[in-house]
Amino acid sequence: MNKMLVGLCLAGVALILGYTTIFSHARTEVETAAVSQRPEQVIAQRMFEMQILVDGRPLEEYYARGRSYVEASEGAEYEVRIRNPLPFRVAVALSVDGLNTIDARRTTAWNASKWVIGPYGTINISGWQMSSERARRFYFTSERDSYGAKLGQTSNLGVVSAVFFRERRPIMVPVTPPPPRPIYEEDGRDKSSESPASRGSANSAGNRSADTLKQRQGQTAQTPDDEYAATGIGRSVHNDVQWINMELESKAAAELVIRYEYYPALVRLGILPRTYERPDPLRRRERATGFEDRRFSPEP
């Protein structure tokens, strides 16, 4: 029996722990069309979908190297939209930068906390769930400023992954959530008003905490880089969640992965073509010829 969480989301985010799943009500859209085909036929005709949205609009996806890529814009807040094409509930393990969006842990998809999506439903997940009432927004930033770097987890930056599990039996029973295990908490102060000394002290404490976490987990984090995109932990938004019991099939129904990078990185990967200044001096030089029909040299 998998413990599940039902989220009553006002900002579009929900939470799960252990084998637990969250159900997001606020920003959940349910389609009314009825489907008479078997689940396998439904999957074939209306596949699971995941999109990354900025300002409510999905980013254009580029398919290459066997996966989808989107272009990140530094500082832009974003959310992840996930659609369930099935006539029954599914649970979704969603990770950003290799960290579960509900509890920031790195586990297998089966062991991860999960979100619940109703039949034919769509949810928008806009941030890291920090408690049963609060989430903090996703935004594109550098590796050094990322939530992963704050937790000492920098080996899987630049990826959003969703793994879907179908419900085995349609039972929804509210349960008491397990005690929270916070890793990174907001102190409620406006960081822009802090003195440089106080910010330095906070950063030092955060670095020591990350080092301790890495030592405890026996992991060595890679050195973060300011050149590449990652996801930060941004402003707080109100987001209520509720836990439920939900039994899942052990085999995943689908897995979707989106890679995100800044424009220069996408160009280097060959995902996007390199642009040139207009007029392009190199193209002008490529059109050069050695001779023309002229009898004498002109005056300069």
# chains A, B, ... in the order shown; residues from 1 in each chain; ligands from 1
$ residues_around --residues "range 126-136 of chain A" --least-positions-apart "6" --cutoff "6 Å" --atoms "only C-alpha atoms" --output "JSON, numbers by chain"
{"A": [13, 79, 101, 102, 233, 234, 235, 236, 237, 238, 239, 240, 241]}
$ write_last_selection --atoms "N, CA and C atoms" --output "mmCIF file, in the first residue's frame"
data_model
loop_
_atom_site.group_PDB
_atom_site.id
_atom_site.type_symbol
_atom_site.label_atom_id
_atom_site.label_comp_id
_atom_site.auth_asym_id
_atom_site.auth_seq_id
_atom_site.Cartn_x
_atom_site.Cartn_y
_atom_site.Cartn_z
ATOM 1 N N VAL A 13 1.042 23.521 -6.793
ATOM 2 C CA VAL A 13 2.122 22.608 -6.443
ATOM 3 C C VAL A 13 1.607 21.646 -5.395
ATOM 4 N N GLU A 79 7.180 26.820 -14.493
ATOM 5 C CA GLU A 79 6.409 25.749 -13.877
ATOM 6 C C GLU A 79 6.374 24.560 -14.831
ATOM 7 N N THR A 101 10.705 17.090 -6.342
ATOM 8 C CA THR A 101 10.123 18.416 -6.156
ATOM 9 C C THR A 101 9.314 18.526 -4.878
ATOM 10 N N ILE A 102 9.060 17.396 -4.200
ATOM 11 C CA ILE A 102 8.272 17.412 -2.977
ATOM 12 C C ILE A 102 9.147 17.479 -1.732
ATOM 13 N N ILE A 233 15.774 28.149 -5.906
ATOM 14 C CA ILE A 233 14.635 28.073 -4.992
ATOM 15 C C ILE A 233 14.217 29.502 -4.697
ATOM 16 N N GLY A 234 13.068 29.901 -5.236
ATOM 17 C CA GLY A 234 12.685 31.306 -5.242
ATOM 18 C C GLY A 234 11.672 31.702 -4.195
ATOM 19 N N ARG A 235 10.820 32.640 -4.570
ATOM 20 C CA ARG A 235 9.871 33.247 -3.637
ATOM 21 C C ARG A 235 8.833 32.225 -3.162
ATOM 22 N N SER A 236 8.313 32.478 -1.961
ATOM 23 C CA SER A 236 7.310 31.585 -1.381
ATOM 24 C C SER A 236 5.937 31.851 -1.976
ATOM 25 N N VAL A 237 5.170 30.787 -2.160
ATOM 26 C CA VAL A 237 3.778 30.893 -2.587
ATOM 27 C C VAL A 237 2.953 29.959 -1.712
ATOM 28 N N HIS A 238 1.697 30.331 -1.464
ATOM 29 C CA HIS A 238 0.821 29.502 -0.641
ATOM 30 C C HIS A 238 0.391 28.275 -1.429
ATOM 31 N N ASN A 239 0.494 27.114 -0.820
ATOM 32 C CA ASN A 239 0.142 25.877 -1.506
ATOM 33 C C ASN A 239 -0.217 24.801 -0.497
ATOM 34 N N ASP A 240 -1.500 24.535 -0.337
ATOM 35 C CA ASP A 240 -1.973 23.525 0.613
ATOM 36 C C ASP A 240 -1.920 22.134 -0.010
ATOM 37 N N VAL A 241 -1.557 21.146 0.805
ATOM 38 C CA VAL A 241 -1.534 19.765 0.340
ATOM 39 C C VAL A 241 -2.172 18.862 1.378
#
$ closest_atom_pairs --of "range 247-280 of chain A" --to "range 162-170 of chain A" --cutoff "6 Å" --atoms "only C-alpha atoms" --output "Markdown table"
| residue | atom | partner | partner_atom | distance |
| --- | --- | --- | --- | --- |
| A:Glu247 | CA | A:Arg168 | CA | 5.5 |
| A:Leu248 | CA | A:Glu167 | CA | 4.4 |
| A:Glu249 | CA | A:Arg168 | CA | 5.4 |
| A:Ala252 | CA | A:Phe165 | CA | 4.9 |
| A:Ala253 | CA | A:Phe165 | CA | 5.4 |
| A:Ala254 | CA | A:Phe164 | CA | 5.2 |
| A:Glu255 | CA | A:Val163 | CA | 4.3 |
| A:Leu256 | CA | A:Ala162 | CA | 5.2 |
$ residues_around --residues "Pro119 in chain A" --least-positions-apart "2" --cutoff "6 Å" --atoms "only C-alpha atoms" --output "NGL selection string"
:A and (86-89 or 121)
$ residues_around --residues "Glu77 in chain A" --least-positions-apart "6" --cutoff "7 Å" --atoms "only C-alpha atoms" --output "list in words"
Val54, Arg137, Phe138, Tyr139 and Phe140 of chain A
$ closest_residue --among "A:Tyr69, A:Trp110, A:Tyr78, A:Phe48" --to "Thr122 in chain A" --atoms "only C-alpha atoms"
A:Phe48
$ residues_around --residues "Arg83 in chain A" --least-positions-apart "2" --cutoff "9 Å" --atoms "only C-alpha atoms" --output "list in words"
Met47, Phe48, Glu49, Met50, Gln51, Arg81, Pro85, Ile117, Tyr120, Gly121, Thr122, Ile123 and Asn124 of chain A
$ write_last_selection --atoms "C-alpha atoms" --output "short mmCIF file (atom, residue, chain, number, x, y, z; two decimals), in the first residue's frame"
data_model
loop_
_atom_site.label_atom_id
_atom_site.label_comp_id
_atom_site.auth_asym_id
_atom_site.auth_seq_id
_atom_site.Cartn_x
_atom_site.Cartn_y
_atom_site.Cartn_z
CA MET A 47 0.19 10.07 -24.56
CA PHE A 48 1.32 11.53 -21.26
CA GLU A 49 2.61 15.07 -21.68
CA MET A 50 5.05 17.31 -19.83
CA GLN A 51 5.83 20.91 -20.69
CA ARG A 81 2.71 21.17 -16.64
CA PRO A 85 -4.37 10.93 -20.63
CA ILE A 117 -3.35 13.62 -11.18
CA TYR A 120 -7.76 13.19 -17.86
CA GLY A 121 -6.37 15.84 -15.52
CA THR A 122 -3.62 18.43 -15.88
CA ILE A 123 -1.59 19.96 -13.05
CA ASN A 124 0.96 22.77 -13.01
#
$ closest_residue --among "A:Ala93, A:Ile125, A:Leu269, A:Ala112" --to "Leu53 in chain A" --atoms "only C-alpha atoms"
A:Ile125
